[in-house]
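> One structure, pasted below without further comment.
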Amino acid sequence: MLAKHNNHCGEHNGVETSAGSKPKFYGRRKGRKVRKAKTSLLECFLPKVKFASPVKFGIEPKDIYLEIGFGDGQHLAGQALKKPEIGFIGAEVFQNGVANLLSLITGIKEGSNLPENITLTTDRVDNIRVWDDDVRLLFAQIPDNSISKVFVLFPDPWPKKRHADRRFINPDNLKEISRILKIGGILRVATDHKVYKGWTLRQLNAFPDFEWTAKTSDDWRKEPSDWVKTKYQQKAIREGRRAVFLDYKKIK
Ligand SMILES: C[S@@+](CC[C@H](N)C(=O)[O-])C[C@H]1O[C@@H](n2cnc3c(N)ncnc32)[C@H](O)[C@@H]1O
């Protein structure tokens with residue numbers, strides 16, 4: 001169902017509302033109040049970079065990467081800057097996180113006045129598309145064998161046993177990730193949580209489509225060469241926890 005509503009960008013916006021059944025989502029969708037500039041970014045700029053199927057970027061991408069649960073967007077924005085030839089799809093349910101990514105992309109910060117026409121800053125290639133909802137609702141819109149890398153970075157660990165079915169790395173999601181990944185494509189999972197590390201290794205080692213690429217302990221203990229630090233990783237570092245970086249290759 002499409003619900004029409006007015007916004008201060010001077011346009012009528014078609015915003016999708018939940019009409020059908022959605023998978024249950026356990027995290028936060030909204031946090032502290034989104035400040036005015038960021039609200040405007042969500043209303044006026046998000047429609048310009050919002051994912052639509054079939055996905056198109058401002059470039060003809062060499063490959064397409066997907067980041068699931070990008071949080072505040074540092075890794076996604078940083079990767080997209082480093083790799084202007086790649087098209088990036090970012091999925092995040094948390095509205096404040098989406099607003100932060102838009103702020104990183106446009107250079108518009110809280111408290112600053114919005115320019116008349118918000119555009120990408122001139123030194124940034126138009127290579128990010130944003131899905132501001134549960135990625136499980138996006139999967140069906142992504143064709144088989146079309147993605148070269150999937151990032152799941154510091155997913156919520158849900159450490160209690162009784163919450164294990166909430167963990168994002170699970171057989172249903174792995175099946176979808178495997179379907180959309182090209183053969184030879186990479187699923188990268190990073191975590192600073194002991195329980196989640198063991199869980200991820202068990203889930204992925206039991207999944208025949210994937211092979212762990214690590215040959216030595218440095219391959220999973222050290223940040224990969226193309227890494228950009230995330231907010232949760234920085235928090236883990238401050239609190240003395242070490243992260244692991246698990247790269248799995250799709251082999252069939
Ligand atoms: C612990 S945070 C990590 C954020 C970021 N990757 C980082 O390292 O700073 C996990 C993020 O995943 C998002 N998330 C969880 N499940 C999701 C889903 N099904 N679809 C999209 N985002 C999801 C949450 O909203 C949250 O922002």
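Ligands are numbered from 1 in the order shown, residues from 1 within each chain, and chains are lettered A, B, ... in the order they appear in the structure tokens.
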Would you mind writing down, as a count of residues only, each residue of segment 45-199 of chain A that DSSP on the backbone assigns to alpha helix (DSSP H)?
41
> Could you list, with a cut-off of 7 Å and counting only C-alpha atoms and all ligand atoms, the residues of chain A near ligand 1, each shown with its nearest atom pair and the distance in Å rounded to one decimal, rows sorted by chain and ascending number, as a Markdown table?

| residue | atom | partner | partner_atom_place_in_ligand_line | distance |
| --- | --- | --- | --- | --- |
| A:Phe25 | CA | ligand 1 | 19 (N) | 6.7 |
| A:Gly27 | CA | ligand 1 | 25 (O) | 5.8 |
| A:Arg28 | CA | ligand 1 | 25 (O) | 6.0 |
| A:Arg29 | CA | ligand 1 | 25 (O) | 6.5 |
| A:Ile68 | CA | ligand 1 | 21 (C) | 5.6 |
| A:Gly69 | CA | ligand 1 | 12 (O) | 3.4 |
| A:Phe70 | CA | ligand 1 | 6 (N) | 4.3 |
| A:Gly71 | CA | ligand 1 | 4 (C) | 3.6 |
| A:Asp72 | CA | ligand 1 | 9 (O) | 6.2 |
| A:Ala91 | CA | ligand 1 | 21 (C) | 5.0 |
| A:Glu92 | CA | ligand 1 | 22 (N) | 3.8 |
| A:Val93 | CA | ligand 1 | 22 (N) | 4.7 |
| A:Phe94 | CA | ligand 1 | 25 (O) | 4.5 |
| A:Gly97 | CA | ligand 1 | 27 (O) | 6.6 |
| A:Asp133 | CA | ligand 1 | 21 (C) | 5.9 |
| A:Asp134 | CA | ligand 1 | 20 (N) | 3.5 |
| A:Val135 | CA | ligand 1 | 20 (N) | 3.9 |
| A:Arg136 | CA | ligand 1 | 19 (N) | 5.7 |
| A:Val152 | CA | ligand 1 | 6 (N) | 6.7 |
| A:Leu153 | CA | ligand 1 | 6 (N) | 4.4 |
| A:Phe154 | CA | ligand 1 | 8 (O) | 4.6 |
| A:Pro155 | CA | ligand 1 | 10 (C) | 4.4 |
| A:Asp156 | CA | ligand 1 | 1 (C) | 4.4 |
| A:Phe168 | CA | ligand 1 | 16 (N) | 6.5 |
| A:Thr230 | CA | ligand 1 | 9 (O) | 4.4 |
| A:Lys231 | CA | ligand 1 | 9 (O) | 3.9 |
| A:Tyr232 | CA | ligand 1 | 9 (O) | 3.8 |
| A:Gln233 | CA | ligand 1 | 8 (O) | 5.7 |
> Any idea what's packed within 12 Å of Tyr196 of chain A, counting only C-alpha atoms, ignoring anything in its chain fewer than 6 positions away? Could you give it as a ChimeraX atom specification?
/A:153-161,163-164,166-170,189-190,202-204,243-246
> Can I get the selection written as a compact mmCIF listing (two decimals), in the first residue's frame, with N, CA and C atoms?

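out_28.txt, written as the output of this step:
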# COMPACT_ATOMS: atom_id res chain seq x y z
N LEU A 153 28.60 -6.46 9.59
CA LEU A 153 29.67 -6.02 10.50
C LEU A 153 29.10 -5.72 11.88
N PHE A 154 29.62 -6.43 12.84
CA PHE A 154 29.20 -6.27 14.24
C PHE A 154 27.68 -6.38 14.40
N PRO A 155 27.10 -7.47 13.89
CA PRO A 155 25.66 -7.65 14.08
C PRO A 155 25.32 -7.78 15.57
N ASP A 156 24.09 -7.43 15.92
CA ASP A 156 23.67 -7.56 17.33
C ASP A 156 23.90 -9.00 17.76
N PRO A 157 24.64 -9.21 18.86
CA PRO A 157 25.03 -10.60 19.19
C PRO A 157 23.92 -11.46 19.79
N TRP A 158 22.90 -10.81 20.39
CA TRP A 158 21.86 -11.59 21.07
C TRP A 158 22.50 -12.76 21.82
N PRO A 159 23.32 -12.45 22.84
CA PRO A 159 24.14 -13.50 23.46
C PRO A 159 23.37 -14.54 24.26
N LYS A 160 22.15 -14.18 24.72
CA LYS A 160 21.42 -15.17 25.53
C LYS A 160 20.93 -16.30 24.63
N LYS A 161 21.03 -17.50 25.17
CA LYS A 161 20.65 -18.69 24.41
C LYS A 161 19.21 -18.60 23.91
N HIS A 163 17.65 -16.16 22.96
CA HIS A 163 17.49 -15.20 21.87
C HIS A 163 18.25 -15.61 20.61
N ALA A 164 18.77 -16.84 20.62
CA ALA A 164 19.65 -17.26 19.51
C ALA A 164 18.93 -17.17 18.16
N ARG A 166 17.24 -14.89 17.09
CA ARG A 166 17.23 -13.51 16.59
C ARG A 166 18.53 -13.17 15.86
N ARG A 167 19.54 -14.02 15.98
CA ARG A 167 20.85 -13.69 15.39
C ARG A 167 20.74 -13.65 13.87
N PHE A 168 21.36 -12.62 13.29
CA PHE A 168 21.19 -12.42 11.84
C PHE A 168 21.84 -13.54 11.03
N ILE A 169 22.99 -14.00 11.49
CA ILE A 169 23.62 -15.12 10.77
C ILE A 169 22.86 -16.37 11.17
N ASN A 170 21.99 -16.80 10.27
CA ASN A 170 21.18 -18.00 10.52
C ASN A 170 20.90 -18.66 9.18
N VAL A 189 31.87 -11.31 7.80
CA VAL A 189 31.21 -11.07 9.08
C VAL A 189 32.30 -10.64 10.07
N ALA A 190 32.05 -9.51 10.74
CA ALA A 190 32.98 -9.09 11.79
C ALA A 190 32.21 -9.08 13.10
N ARG A 202 30.24 -21.80 13.40
CA ARG A 202 29.46 -23.05 13.31
C ARG A 202 28.42 -22.96 12.19
N GLN A 203 27.72 -21.83 12.11
CA GLN A 203 26.69 -21.67 11.08
C GLN A 203 27.30 -21.77 9.69
N LEU A 204 28.42 -21.06 9.50
CA LEU A 204 28.99 -21.01 8.15
C LEU A 204 29.74 -22.29 7.79
N ALA A 243 38.24 -7.59 17.82
CA ALA A 243 37.30 -8.08 16.82
C ALA A 243 37.93 -9.19 15.97
N VAL A 244 37.08 -9.99 15.36
CA VAL A 244 37.54 -10.95 14.36
C VAL A 244 36.84 -10.62 13.04
N PHE A 245 37.51 -10.97 11.95
CA PHE A 245 37.04 -10.61 10.61
C PHE A 245 36.97 -11.91 9.80
N LEU A 246 35.76 -12.40 9.59
CA LEU A 246 35.61 -13.73 8.99
C LEU A 246 35.13 -13.59 7.54
> I'd like the neighbourhood of segment 211-213 of chain A as number ranges by chain, where a residue qualifies if any of its atoms comes within 6 Å (using only C-alpha atoms), though same-chain residues fewer than 4 positions away should be ignored.
A: 247-249
> Find the residues around segment 52-63 of chain A up to 12 Å (only C-alpha atoms counted), leave out those fewer than 3 positions away in its own chain, and share them as a PyMOL selection string.
chain A and resi 46-49+66+80+83-90+120+124-132+138-143+145-150+181-182+185
> Can you write out the residues you just picked, keeping N, CA and C atoms, as an mmCIF file, in the first residue's frame?

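Listing of selection.cif after writing:
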data_model
loop_
_atom_site.group_PDB
_atom_site.id
_atom_site.type_symbol
_atom_site.label_atom_id
_atom_site.label_comp_id
_atom_site.auth_asym_id
_atom_site.auth_seq_id
_atom_site.Cartn_x
_atom_site.Cartn_y
_atom_site.Cartn_z
ATOM 1 N N LEU A 46 17.078 11.423 1.012
ATOM 2 C CA LEU A 46 16.929 9.966 0.934
ATOM 3 C C LEU A 46 16.231 9.512 -0.353
ATOM 4 N N PRO A 47 15.127 10.185 -0.785
ATOM 5 C CA PRO A 47 14.481 9.734 -2.026
ATOM 6 C C PRO A 47 15.430 9.705 -3.232
ATOM 7 N N LYS A 48 16.477 10.555 -3.197
ATOM 8 C CA LYS A 48 17.412 10.598 -4.340
ATOM 9 C C LYS A 48 18.359 9.408 -4.372
ATOM 10 N N VAL A 49 18.563 8.800 -3.215
ATOM 11 C CA VAL A 49 19.523 7.689 -3.169
ATOM 12 C C VAL A 49 18.854 6.392 -2.707
ATOM 13 N N LEU A 66 26.980 -5.242 -0.965
ATOM 14 C CA LEU A 66 25.840 -4.977 -0.083
ATOM 15 C C LEU A 66 26.318 -4.943 1.362
ATOM 16 N N ALA A 80 32.758 3.324 -0.123
ATOM 17 C CA ALA A 80 32.254 3.914 -1.372
ATOM 18 C C ALA A 80 33.200 5.013 -1.881
ATOM 19 N N LYS A 83 36.298 3.189 -3.276
ATOM 20 C CA LYS A 83 36.046 2.353 -4.464
ATOM 21 C C LYS A 83 34.951 2.969 -5.339
ATOM 22 N N PRO A 84 35.308 4.023 -6.056
ATOM 23 C CA PRO A 84 34.293 4.728 -6.849
ATOM 24 C C PRO A 84 33.745 3.891 -8.008
ATOM 25 N N GLU A 85 34.430 2.784 -8.331
ATOM 26 C CA GLU A 85 33.974 1.956 -9.455
ATOM 27 C C GLU A 85 32.941 0.913 -9.019
ATOM 28 N N ILE A 86 32.714 0.814 -7.701
ATOM 29 C CA ILE A 86 31.778 -0.187 -7.159
ATOM 30 C C ILE A 86 30.452 0.482 -6.801
ATOM 31 N N GLY A 87 29.334 -0.216 -7.053
ATOM 32 C CA GLY A 87 28.033 0.253 -6.590
ATOM 33 C C GLY A 87 27.752 -0.380 -5.227
ATOM 34 N N PHE A 88 27.341 0.429 -4.267
ATOM 35 C CA PHE A 88 27.086 -0.075 -2.906
ATOM 36 C C PHE A 88 25.602 0.032 -2.579
ATOM 37 N N ILE A 89 25.051 -1.066 -2.058
ATOM 38 C CA ILE A 89 23.700 -1.015 -1.500
ATOM 39 C C ILE A 89 23.879 -1.132 0.011
ATOM 40 N N GLY A 90 23.273 -0.218 0.746
ATOM 41 C CA GLY A 90 23.348 -0.281 2.204
ATOM 42 C C GLY A 90 21.954 -0.465 2.760
ATOM 43 N N LEU A 120 24.973 15.446 -3.985
ATOM 44 C CA LEU A 120 26.185 14.792 -3.490
ATOM 45 C C LEU A 120 27.288 15.827 -3.516
ATOM 46 N N ARG A 124 32.409 13.342 -4.502
ATOM 47 C CA ARG A 124 31.896 12.005 -4.193
ATOM 48 C C ARG A 124 31.129 11.428 -5.381
ATOM 49 N N VAL A 125 31.484 10.201 -5.709
ATOM 50 C CA VAL A 125 30.800 9.530 -6.808
ATOM 51 C C VAL A 125 29.440 9.029 -6.311
ATOM 52 N N ASP A 126 28.466 9.053 -7.203
ATOM 53 C CA ASP A 126 27.096 8.663 -6.834
ATOM 54 C C ASP A 126 26.973 7.122 -6.908
ATOM 55 N N ASN A 127 27.534 6.466 -5.910
ATOM 56 C CA ASN A 127 27.599 4.991 -5.991
ATOM 57 C C ASN A 127 27.005 4.294 -4.763
ATOM 58 N N ILE A 128 26.108 4.981 -4.038
ATOM 59 C CA ILE A 128 25.458 4.341 -2.879
ATOM 60 C C ILE A 128 23.948 4.394 -3.059
ATOM 61 N N ARG A 129 23.292 3.287 -2.812
ATOM 62 C CA ARG A 129 21.830 3.253 -2.761
ATOM 63 C C ARG A 129 21.425 2.702 -1.389
ATOM 64 N N VAL A 130 20.365 3.262 -0.828
ATOM 65 C CA VAL A 130 20.023 2.989 0.569
ATOM 66 C C VAL A 130 18.662 2.305 0.682
ATOM 67 N N TRP A 131 18.646 1.224 1.430
ATOM 68 C CA TRP A 131 17.398 0.552 1.794
ATOM 69 C C TRP A 131 17.191 0.818 3.283
ATOM 70 N N ASP A 132 16.176 1.657 3.597
ATOM 71 C CA ASP A 132 16.029 2.083 5.000
ATOM 72 C C ASP A 132 14.997 1.224 5.714
ATOM 73 N N LEU A 138 14.308 -6.724 1.501
ATOM 74 C CA LEU A 138 15.034 -6.324 0.280
ATOM 75 C C LEU A 138 15.479 -7.534 -0.532
ATOM 76 N N PHE A 139 15.816 -8.615 0.151
ATOM 77 C CA PHE A 139 16.416 -9.763 -0.529
ATOM 78 C C PHE A 139 15.670 -10.140 -1.815
ATOM 79 N N ALA A 140 14.330 -10.191 -1.739
ATOM 80 C CA ALA A 140 13.550 -10.658 -2.896
ATOM 81 C C ALA A 140 13.747 -9.759 -4.121
ATOM 82 N N GLN A 141 14.240 -8.535 -3.914
ATOM 83 C CA GLN A 141 14.422 -7.599 -5.033
ATOM 84 C C GLN A 141 15.835 -7.664 -5.616
ATOM 85 N N ILE A 142 16.653 -8.540 -5.055
ATOM 86 C CA ILE A 142 18.032 -8.662 -5.558
ATOM 87 C C ILE A 142 18.157 -9.970 -6.346
ATOM 88 N N PRO A 143 18.567 -9.865 -7.624
ATOM 89 C CA PRO A 143 18.661 -11.076 -8.446
ATOM 90 C C PRO A 143 19.729 -12.067 -7.954
ATOM 91 N N ASN A 145 22.989 -14.372 -7.994
ATOM 92 C CA ASN A 145 24.365 -14.188 -8.497
ATOM 93 C C ASN A 145 24.674 -12.774 -8.974
ATOM 94 N N SER A 146 24.256 -11.763 -8.226
ATOM 95 C CA SER A 146 24.460 -10.392 -8.705
ATOM 96 C C SER A 146 25.375 -9.560 -7.806
ATOM 97 N N ILE A 147 25.703 -10.069 -6.633
ATOM 98 C CA ILE A 147 26.460 -9.279 -5.652
ATOM 99 C C ILE A 147 27.843 -9.906 -5.454
ATOM 100 N N SER A 148 28.874 -9.067 -5.355
ATOM 101 C CA SER A 148 30.231 -9.608 -5.215
ATOM 102 C C SER A 148 30.709 -9.666 -3.772
ATOM 103 N N LYS A 149 30.177 -8.775 -2.912
ATOM 104 C CA LYS A 149 30.569 -8.825 -1.494
ATOM 105 C C LYS A 149 29.378 -8.458 -0.633
ATOM 106 N N VAL A 150 29.238 -9.185 0.470
ATOM 107 C CA VAL A 150 28.215 -8.839 1.461
ATOM 108 C C VAL A 150 28.933 -8.617 2.789
ATOM 109 N N LEU A 181 24.811 -13.837 -3.898
ATOM 110 C CA LEU A 181 26.258 -13.713 -4.144
ATOM 111 C C LEU A 181 26.653 -14.441 -5.424
ATOM 112 N N LYS A 182 27.621 -13.857 -6.140
ATOM 113 C CA LYS A 182 28.216 -14.547 -7.286
ATOM 114 C C LYS A 182 29.120 -15.666 -6.768
ATOM 115 N N GLY A 185 32.201 -14.866 -4.748
ATOM 116 C CA GLY A 185 31.876 -13.670 -3.959
ATOM 117 C C GLY A 185 32.157 -13.917 -2.478
#
> For the atom pair atom CA of Ile186 of chain A and atom CA of Glu239 of chain A, what is the interatomic distance in Å to one decimal place?
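We find that atom CA of Ile186 of chain A and atom CA of Glu239 of chain A lie 29.0 Å from each other.
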